[in-house]
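Beneath this line is the structure, given in structure tokens, with notes to follow.
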Amino acid sequence: MRLCIFNPEHDLCLAKGRAHYVPPRSAVEFARRDADIMAVLYPGAECASVYSASRFDCDVNEVIPWGWDAVVKHELLKRGIPAELLPTDEEIATIRELQHRSTVLPLQEDCHEVRSIKDMESLLKRREHWVMKAPWSGAGRGLRWVHGSLTAIDRDWLLKTVASQRCVIAEPRREVVADVALEYMSGSFVGYSYFKTGSGVYKENVLWTDAQIEAAFPVREARERIEPWLAANVWPRYRGPLGVDLMVCADGSVHVAEINFRHTMGMIAHERIKRIL
């Protein structure tokens, strides 16, 4: 039997980087309540949260989580899933390292690793508005908007983040008019997704087809630029679901926002559109 695990707390677990971590209650309840969302991608599979059962006694021959991290592996082992069905600690460490925002810097224009207050102040002399991003974060967490100068809170956040995550990523503030993603599975392009955000926080997907998205936004050119980089730098090290988030700006430019080494709501939306059509 194929067992699909919905662990939306995945980004938080990656940021902590250890197996013994208890996610917030809200994340655990979300995982328990909406585990069936994985059935959209894997019809007929048994769908669950690791927090909804003390043991998985069924005959499992494949495990597919929302995303692999040390916490979900630890919880699955506790619940009787054989180690041979799970990735090694080294493979999980690779996923975590790839998810660090510095990985995608070669695809991002004018984005920088910041390791000190002096580094950030130098960037502010060149441009007034920036977004500081924690390298391991997700769902709108770990973001700080900087305007002109660093506040005392900005400085404290920067220093703490550098101490725990090696650096902060500084990205120029852009006039974003749309958020689009490229969705992949183990090197194969699945399709596009179009979604809404607010202050960096995911809100919802818009059920547009690939043809509608390509007609509305210049995403094909971005895809042609990104895929050779993925082929050289990602697919030799990682096999699984992956989403590349893009920012479409008012001037017509398209910029890479981040890469998610996990399933995404865009994949869910894309599959639902296929079923509607």
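Chain labels follow the order of the structure tokens: the first chain is A, the next B, and so on; residue numbering restarts at 1 in every chain, and ligands are counted from 1 in their shown order.
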Which residues are close to Met120 of chain A, i.e. within 10 Å by only C-alpha atoms, leaving aside same-chain residues fewer than 4 positions away? Reply as a PDB file with C-alpha atoms, in the first residue's frame.
```pdb
ATOM      1  CA  HIS A 112      22.874  38.840  -2.014  1.00  0.00           C
ATOM      2  CA  GLU A 113      24.047  36.862   0.983  1.00  0.00           C
ATOM      3  CA  VAL A 114      24.275  39.214   3.964  1.00  0.00           C
ATOM      4  CA  ARG A 115      26.466  38.171   6.885  1.00  0.00           C
ATOM      5  CA  SER A 116      26.685  41.386   8.892  1.00  0.00           C
ATOM      6  CA  LEU A 124      21.028  50.227   1.455  1.00  0.00           C
ATOM      7  CA  LYS A 125      23.421  52.832   0.038  1.00  0.00           C
ATOM      8  CA  TRP A 130      14.933  45.557   0.321  1.00  0.00           C
ATOM      9  CA  MET A 132      15.565  40.405   4.121  1.00  0.00           C
ATOM     10  CA  VAL A 146      13.652  47.257   5.075  1.00  0.00           C
ATOM     11  CA  SER A 149      17.776  52.085   7.102  1.00  0.00           C
ATOM     12  CA  LEU A 150      17.872  49.266   9.633  1.00  0.00           C
ATOM     13  CA  ARG A 155      19.529  44.573  13.369  1.00  0.00           C
ATOM     14  CA  LEU A 158      19.613  39.964  11.168  1.00  0.00           C
ATOM     15  CA  VAL A 168      20.388  36.448   5.437  1.00  0.00           C
ATOM     16  CA  ILE A 169      19.314  36.807   1.815  1.00  0.00           C
ATOM     17  CA  ALA A 170      18.687  40.395   0.700  1.00  0.00           C
TER      18      ALA A 170
END
```
### Query
Residues of segment 65-241 of chain A in strand (DSSP E or B) according to DSSP, as a ChimeraX atom specification?
/A:65,112-114,129-133,143-147,149,168-172,176-185,188-198,201-206,241
Those selected residues, please, written with C-alpha atoms and delivered as a CSV table (one decimal), in the first residue's frame.
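Saved the output as part35.csv:
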```csv
chain,number,residue,atom,x,y,z
A,65,PRO,CA,5.2,12.9,2.4
A,112,HIS,CA,22.9,38.8,-2.0
A,113,GLU,CA,24.0,36.9,1.0
A,114,VAL,CA,24.3,39.2,4.0
A,129,HIS,CA,14.0,49.2,-0.4
A,130,TRP,CA,14.9,45.6,0.3
A,131,VAL,CA,13.4,42.4,1.7
A,132,MET,CA,15.6,40.4,4.1
A,133,LYS,CA,14.8,36.7,4.1
A,143,LEU,CA,10.7,38.0,6.0
A,144,ARG,CA,11.6,41.6,7.0
A,145,TRP,CA,10.9,44.6,4.8
A,146,VAL,CA,13.7,47.3,5.1
A,147,HIS,CA,13.0,50.9,4.1
A,149,SER,CA,17.8,52.1,7.1
A,168,VAL,CA,20.4,36.4,5.4
A,169,ILE,CA,19.3,36.8,1.8
A,170,ALA,CA,18.7,40.4,0.7
A,171,GLU,CA,16.3,40.8,-2.3
A,172,PRO,CA,15.3,44.1,-3.9
A,176,VAL,CA,5.1,42.3,-8.3
A,177,VAL,CA,1.8,42.0,-10.2
A,178,ALA,CA,1.5,38.2,-10.3
A,179,ASP,CA,2.9,35.0,-8.7
A,180,VAL,CA,3.5,32.0,-10.9
A,181,ALA,CA,5.2,28.7,-10.3
A,182,LEU,CA,6.9,26.0,-12.4
A,183,GLU,CA,6.0,22.6,-11.1
A,184,TYR,CA,8.3,19.6,-11.5
A,185,MET,CA,8.4,15.9,-10.5
A,188,SER,CA,9.9,16.3,-15.5
A,189,PHE,CA,7.9,19.5,-16.0
A,190,VAL,CA,4.4,19.0,-14.7
A,191,GLY,CA,3.0,22.5,-15.5
A,192,TYR,CA,2.4,26.0,-14.3
A,193,SER,CA,0.4,27.3,-11.4
A,194,TYR,CA,-0.9,30.8,-10.7
A,195,PHE,CA,-1.4,31.9,-7.1
A,196,LYS,CA,-2.1,34.9,-4.9
A,197,THR,CA,-0.1,36.2,-2.0
A,198,GLY,CA,-0.3,39.0,0.5
A,201,VAL,CA,2.1,34.9,2.5
A,202,TYR,CA,0.4,32.4,0.3
A,203,LYS,CA,-3.4,33.0,0.0
A,204,GLU,CA,-4.8,30.8,-2.8
A,205,ASN,CA,-4.4,29.4,-6.2
A,206,VAL,CA,-6.2,30.6,-9.3
A,241,PRO,CA,8.5,17.1,-6.2
```
### Task
Run DSSP on the backbone and give me the residues of segment 21-217 of chain A it puts in alpha helix (DSSP H), as a ChimeraX atom specification.
/A:25-33,70-78,89-99,117-126,152-165,210-216
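Residues with any atom within 10 Å of Val28 of chain A, counting only C-alpha atoms and excluding same-chain neighbours fewer than 2 positions away, are A:Phe6, A:Asn7, A:Pro8, A:Glu9, A:Val22, A:Pro23, A:Pro24, A:Arg25, A:Ser26, A:Phe30, A:Ala31, A:Arg32, A:Arg33, A:Ser49, A:Val50, A:Tyr51, A:Ser52.
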Take the residues from that selection and put them in a file with C-alpha atoms, as a CSV table (one decimal), in the first residue's frame.
```
chain,number,residue,atom,x,y,z
A,6,PHE,CA,0.6,15.4,4.8
A,7,ASN,CA,3.1,17.4,6.8
A,8,PRO,CA,2.6,21.1,6.1
A,9,GLU,CA,4.9,21.8,9.0
A,22,VAL,CA,7.4,19.6,18.1
A,23,PRO,CA,5.6,21.8,15.5
A,24,PRO,CA,3.1,24.4,16.6
A,25,ARG,CA,-0.4,23.0,17.5
A,26,SER,CA,-1.9,24.9,14.6
A,30,PHE,CA,-3.9,21.4,9.9
A,31,ALA,CA,-2.0,18.2,9.1
A,32,ARG,CA,-4.6,16.1,10.8
A,33,ARG,CA,-7.6,17.9,9.4
A,49,SER,CA,-0.7,12.8,9.3
A,50,VAL,CA,2.0,11.3,11.4
A,51,TYR,CA,0.1,12.9,14.3
A,52,SER,CA,-3.2,11.1,13.6
```
### Task
Calculate how many Å separate atom CA of Ile117 of chain A from atom CA of Ala163 of chain A, rounding to one decimal.
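That distance, rounded to one decimal, is 12.4 Å.
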### Query
What is the distance between atom CA of Gly142 of chain A and atom CA of Ser102 of chain A, in Å to one decimal?
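Atom-to-atom, atom CA of Gly142 of chain A and atom CA of Ser102 of chain A are spaced 14.4 Å apart.
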#### Entry: Pick from A:Ser137, A:Leu159, A:Leu123, A:Leu107, whichever lies nearest to Val256 of chain A using only C-alpha atoms
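That would be A:Leu107, the residue with the smallest distance to Val256 of chain A.
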### Message
Please list as a ChimeraX atom specification every residue within 8 Å of Glu46 of chain A, counting only C-alpha atoms and excluding residues in the same chain fewer than 2 positions away.
### Response
/A:1-4,39,44,48
Within 6 Å of segment 84-100 of chain A, counting only C-alpha atoms, which residues show up once you throw out same-chain ones fewer than 2 positions away? Write them as a PDB file with C-alpha atoms, in the first residue's frame, please.
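Contents of around29.pdb, as written:
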```
ATOM      1  CA  ASP A  69      12.701  16.250   6.691  1.00  0.00           C
ATOM      2  CA  PRO A  82      10.672   0.242   8.008  1.00  0.00           C
ATOM      3  CA  SER A 102      21.497  30.624  -1.069  1.00  0.00           C
ATOM      4  CA  THR A 103      21.081  27.660  -3.452  1.00  0.00           C
ATOM      5  CA  PRO A 135      17.442  31.175   4.365  1.00  0.00           C
ATOM      6  CA  TRP A 136      15.228  28.465   5.872  1.00  0.00           C
TER       7      TRP A 136
END
```
### Message
Restricting the calculation to only C-alpha atoms: of A:Gly187, A:Val72, A:Arg223, A:Phe261, which residue gets closest to Gly17 of chain A?
### Response
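Once distances to Gly17 of chain A are computed over only C-alpha atoms, the minimum belongs to A:Val72.
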### Task
Could you tell me which of A:Val219, A:Ala152, A:Ile5, A:Ala232 comes closest to Gly67 of chain A if we count only C-alpha atoms?
A:Ile5
### Query
What is the distance between atom CA of Thr161 of chain A and atom CA of Ala134 of chain A, in Å to one decimal?
6.5 Å
